[in-house]
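A.B. asks: So that we are looking at the same thing, I have put the structure below in structure tokens.
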Amino acid sequence: MANVAKMVSWSGREGEPEGQGEATPLLNGTGGGAAAPPRQLTPSSSSLRLGRMSYVDLDDEHEPEMDPPRAHPSEIPHSEKVLSLKYESLDYDNCENQLFLDEEKRIKHTAFRTVEIRRWVICAMIGILTGLVACFIDIVVEYIAGMKYKVVKGNIDKFTKTGGLSFSLLLWATLNASIVMLGAVIVAFIEPVAAGSGIPQIKCYLNGVKIPHVVRLKTLVVKVCGVIFSVVGGLAVGKEGPMIHSGAVIAAGISQGRSTSLKRDFKIFEYFRRDTEKRDFVSAGAAAGVSAAFGAPVGGVLFSLEEGASFWNQFLTWRIFFASMISTFTLNSILSIYKGNPWDLSSPGLINFGRFDSEKMGYTFQEIPIFIFMGVVGGVLGAMFNALNYWLTMFRIRYIHRPCLQVIEAMLVGAVTAAVAFVMIYTSADCQPLQGSGMAYSLQLFCPDGEYNSMAAAFFNTPEKSVVRLFHDPPGTYDPMTLGLFTLVYFFLACWTYGLTVSAGVFIPSLLIGAAWGRLFGICLSYMTSGWIWADPGKYALMGAAAQLGGIVRMTLSLTVIMMEATGNVTYGFPIMLVLMTAKIVGDYFVEGLYDMHIQLQSVPFLHWEAPVTSHSFTAREVMSTPVTSLRRIEKVGVIVDILSDTSSNHNGFPVVESIPGSDQVAGLRGLILRSQLIVLLKHKVFVERANLSLVQRRLKLKDFRDAYPRFPPIQSIHVSQDERECMMDLTEFMNPSPYTVPLEATLTRVYKLFRALGLRHLVVVDNHNQVVGLVTRKDLARYRLGKEGLEELPLAQT
């Protein structure tokens, strides 16, 4: 395995290495040279392991100091078989210190009701704003794409008669490349985390991993503009996936009552300025995004439950459903007014699959095995898509790591997409009657008068409209050769496009690929059965779309409901469920889902629902990080400053112990205090000259900690004089006096379940005398993965 240098990632801008030829320090003692490959573990080998330090980075929200410019390497070595140390954990466990308890006691019952009302108000605002953003994206895309297609269509029609169609090809490719360039430039140079759909990043955030910049206002602006340019630029992408990320950013911003990017504090919703509350609202924002994209409020709730949230309760479900419903209603209302039908309310989502009539497009019991077979095909094609995209992403991480190269690649894909579409349309002889086709931009090309080129119906349109046409065009609209060629070409175009440095989703391309081969499957079935097949091919296009999307993203429950709500027909619920289950089972046999694969490629310490199945034989003694840096309950300021300034450890949580008077020994665990809390205490100079003096400075309140959240200042920015270093700091009322602990002999499965379910950041390991012997963090658990040959331990690296 190659050395692991600083790689292109969600949090990095350019992926420059820390130094030419410099080996990456690994945590488990392998300093120079190559990163150790994952070790196969057995209980006997792991019990001989020496103690390790647990490294957690400083707050990634702070911009690092600019290094002097270095030459860019042509290749950045990368391996997905490591865990990155640059990702911090979020703290989803409330710190119940004395300040928190005092505040809760002061709050009366009516005040608690006010807090609950504010939660509902925030959810309503999330729904309204997410719906408005979706409207803005939809209207702007329709307007600009319409202008582009009119220009290209007029040009093609003109040169079809006079000759010189090569100029039309050049115009189309240039327009695409220019528009895509704008979208790629703002992502690559302004906010790289806005690339892609954003769903893997939001999954990580809800899982408890802090992805830098992921819920910032700048990310939202770049995301919205980027997805408009991507779709208008003709890439094989959709605008639905990024809506989930956009909704999450809106939720994170509104719930905090301020914008740290704009440096504006509106002095509202201050009670919600902590990770726990913010996480719940981000769940609501993600659900509102799904709802706005597909007109599926129930599907949105289930998406947040299935794909994201690490914590759930009944009240949260109801609030998230409320936000989702408000989102789809806002979008429906605005788009209905925009389309001139203010009382119609016929646009519940960015994509509307149209009405599937049970009488015309019903199914029978005999077709269920056929649907299951389509699920198998979808699973195999989805696994192939993911495997190709995996190798392509590895290539991008290694070689296309400079922003200028990323922009050039995006422009190349845009131009190639236009060129391939033009050649496919030019060589196609599939002509269909124009009457009743309802095509917005029909291309006649070399077809007789009154007819249009059928291949153009698929390529010369936005992907959403192409999907609906494949669902609802009458039988005989498409030639089988047209569908087969389109499926093949669009499959590779979509695979190449996903992972570019542009804001784009994979939902709609997946649906389009599946709808094309599904319709082709239905036509072939009709030929094979001499025309006595039970319904038109639109039904098979729907099942193919579900199978392909399920095979790529591996969602089951939420995707079933989303597809059901988007079709407006509950009858299709059962076959869609069967197709998605089959596609997931078959796809999982080969490779992971697309989102999980990209999370793994970024070396994120992601915790799945359950611990690896063979981990019962390991205990906390074997997985914990040691030695642990502890603080005494009354500690010298100089000691605290030195510990926080130690760049070799960068711990974020410190057990607090009691010192025994007249002895160097310490008593048992008394609490846990975070780096961020200590920095606020030092900033406000909450210390006295001698330990026996009472604190005379003004008492800190929780508001002081909330005002500093989430971008706590670095320790380097806090000046502590030599005299102040000799002062004492009493941590009693600021530490969490009841942190979660586990004994040395607790099994890995039990530790994992406790850590994952409660959303912890630190779990203290104690012995029989309540002495601190170790600390379990997210990275200690995430590095144990089930490989092909059993449980393996991934090395940790500063990637």
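Chain labels A, B, ... are given in the sequence in which chains occur in the structure tokens; within each chain residues are numbered consecutively from 1, and ligands are likewise numbered from 1 in the order shown.
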Identify, with DSSP run on backbone atoms, the residues in stretch 152-250 of chain A assigned to alpha helix (DSSP H), and express the list as a ChimeraX atom specification.

C.D. replies: /A:152-162,165-189,199-207,217-232,241-250

A.B. asks: List the spatial neighbours of stretch 705-708 of chain A as number ranges by chain - criterion: any atom at most 8 Å away, only C-alpha atoms, same-chain residues fewer than 2 positions off excluded.

C.D. replies: A: 270, 273-274, 677, 680, 701-703, 710-713

A.B. asks: Given the selection you just returned, output its residues as a file containing C-alpha atoms, formatted as a PDB file, in the first residue's frame.

C.D. replies:
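So part.pdb came out as:
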```
ATOM      1  CA  GLU A 270     -30.206  30.735  21.466  1.00  0.00           C
ATOM      2  CA  ARG A 273     -27.130  26.317  20.012  1.00  0.00           C
ATOM      3  CA  ARG A 274     -25.734  22.877  20.684  1.00  0.00           C
ATOM      4  CA  GLN A 677     -15.299  24.419  27.473  1.00  0.00           C
ATOM      5  CA  VAL A 680     -14.120  29.462  26.899  1.00  0.00           C
ATOM      6  CA  LYS A 701     -23.605  31.256  32.176  1.00  0.00           C
ATOM      7  CA  LEU A 702     -24.475  28.758  29.489  1.00  0.00           C
ATOM      8  CA  LYS A 703     -25.040  31.739  27.191  1.00  0.00           C
ATOM      9  CA  PRO A 710     -19.780  26.288  16.985  1.00  0.00           C
ATOM     10  CA  ARG A 711     -16.510  28.041  16.055  1.00  0.00           C
ATOM     11  CA  PHE A 712     -14.569  28.055  19.290  1.00  0.00           C
ATOM     12  CA  PRO A 713     -11.328  30.061  19.088  1.00  0.00           C
TER      13      PRO A 713
END
```

A.B. asks: Write out as a list in words which residues come within 12 Å of A:Met564 when counting only C-alpha atoms, dropping same-chain ones fewer than 5 positions away.

C.D. replies: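 Close residues of A:Met564: Phe294, Gly295, Ala296, Pro297, Val298, Gly299, Asn352, Phe353, Gly354, Arg355, Phe356, Leu542, Met543, Ala546, Leu557, Ser558, Leu559, Asn569, Val570, Thr571, Tyr572, Gly573, Phe574, Pro575, Ile576 and Met577 of chain A.
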
A.B. asks: Find the residue from A:Gln98, A:Ser717, A:Asn768, A:Thr497 that sits nearest to A:Leu412; use only C-alpha atoms when measuring.

C.D. replies: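 Of A:Gln98, A:Ser717, A:Asn768, A:Thr497, the one nearest A:Leu412, counting only C-alpha atoms, is A:Thr497.
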
A.B. asks: Considering only C-alpha atoms, give me a table of residues in stretch 353-398 of chain A that are at most 12 Å from stretch 602-619 of chain A, with the closest atom pair and distance in Å for each, as CSV.

C.D. replies:
```
residue,atom,partner,partner_atom,distance
A:Tyr390,CA,A:Gln602,CA,11.6
A:Thr393,CA,A:Gln602,CA,10.3
A:Met394,CA,A:Gln602,CA,10.1
A:Ile397,CA,A:Gln602,CA,9.5
```

A.B. asks: With N, CA, C and O atoms retained, could you export that selection as a CSV table (one decimal), in the first residue's frame?

C.D. replies:
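That gives us result20.csv:
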```
chain,number,residue,atom,x,y,z
A,390,TYR,N,-16.3,3.7,-8.5
A,390,TYR,CA,-15.2,3.6,-7.4
A,390,TYR,C,-13.8,3.8,-8.0
A,390,TYR,O,-13.0,4.5,-7.5
A,393,THR,N,-13.3,7.3,-9.1
A,393,THR,CA,-13.1,8.2,-8.0
A,393,THR,C,-11.7,8.1,-7.5
A,393,THR,O,-11.1,9.1,-7.1
A,394,MET,N,-11.2,6.9,-7.4
A,394,MET,CA,-9.8,6.7,-6.9
A,394,MET,C,-8.8,7.4,-7.9
A,394,MET,O,-7.9,8.0,-7.5
A,397,ILE,N,-9.0,11.1,-7.2
A,397,ILE,CA,-8.3,11.5,-5.9
A,397,ILE,C,-6.8,11.5,-6.1
A,397,ILE,O,-6.1,12.4,-5.6
```

A.B. asks: To one decimal place, how far is atom CA of A:Arg118 from atom CA of A:Thr260 in Å?

C.D. replies: 20.8 Å

A.B. asks: Just the number, please: distance in Å from atom CA of A:Ala456 to atom CA of A:Leu443, one decimal.

C.D. replies: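 Interatomic distance here is 6.3 Å.
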
A.B. asks: Identify which of the residues A:Asn461, A:Thr777, A:Asn176, A:Gln444 lies closest to A:Gly208, counting only C-alpha atoms when measuring atom-to-atom distances.

C.D. replies: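 That would be A:Thr777, the residue with the smallest distance to A:Gly208.
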
A.B. asks: Here is a test: counting only C-alpha atoms, which residue of A:Lys683, A:Arg670, A:Lys267, A:Arg633 is nearest to A:Asn770?

C.D. replies: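 Nearest to A:Asn770: A:Arg670.
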
A.B. asks: If we count only C-alpha atoms and set the cut-off at 12 Å, which residues sit around A:Ser304, ignoring sequence neighbours fewer than 4 positions away in its own chain? Please answer as number ranges by chain.

C.D. replies: A: 199, 202-203, 205-207, 244-245, 247-248, 279-291, 297-300, 308-312, 316-317, 320-321, 324, 555, 557-559

A.B. asks: Just checking: using only C-alpha atoms, which residue out of A:Val82, A:Ile128, A:Leu512, A:Ile190 ends up closest to A:Met325?

C.D. replies: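 Counting only C-alpha atoms, the residue closest to A:Met325 is A:Ile128.
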
A.B. asks: DSSP on the backbone, strand (DSSP E or B) only: what residues of stretch 539-771 of chain A does that give? Format it as a ChimeraX atom specification.

C.D. replies: /A:619,625,631-632,634-636,653-659,666-674,688,728-730,736,741-743,747,762-766

A.B. asks: Which polymer residues have any atom within 7 Å of an atom of A:Ser454, counting only C-alpha atoms, with same-chain residues fewer than 4 positions away left out, as a PyMOL selection string?

C.D. replies: chain A and resi 430-432+478

A.B. asks: For A:Val214, find every residue with an atom within 8 Å (counting only C-alpha atoms), except residues of its own chain fewer than 3 positions away, and show them as a PyMOL selection string.

C.D. replies: chain A and resi 193-194+201-202+211+219+249

A.B. asks: Would you mind listing what lies within 9 Å of A:Glu191 as a short mmCIF file (atom, residue, chain, number, x, y, z; two decimals) with C-alpha atoms, in the first residue's frame, with only C-alpha atoms counted and same-chain residues fewer than 6 positions away left out?

C.D. replies:
```
data_model
loop_
_atom_site.label_atom_id
_atom_site.label_comp_id
_atom_site.auth_asym_id
_atom_site.auth_seq_id
_atom_site.Cartn_x
_atom_site.Cartn_y
_atom_site.Cartn_z
CA ARG A 13 -9.44 22.59 -1.04
CA HIS A 213 -18.17 23.73 6.08
CA LYS A 218 -21.67 29.80 1.53
CA THR A 219 -22.11 26.09 0.87
CA VAL A 222 -22.64 27.50 -4.13
CA LYS A 223 -24.84 24.39 -4.04
#
```

A.B. asks: With distances taken over only C-alpha atoms, which of A:Cys727, A:Leu669, A:Ala111, A:Val773 is nearest to A:Ala620?

C.D. replies: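 When distances to A:Ala620 are compared using only C-alpha atoms, the smallest one comes from A:Val773.
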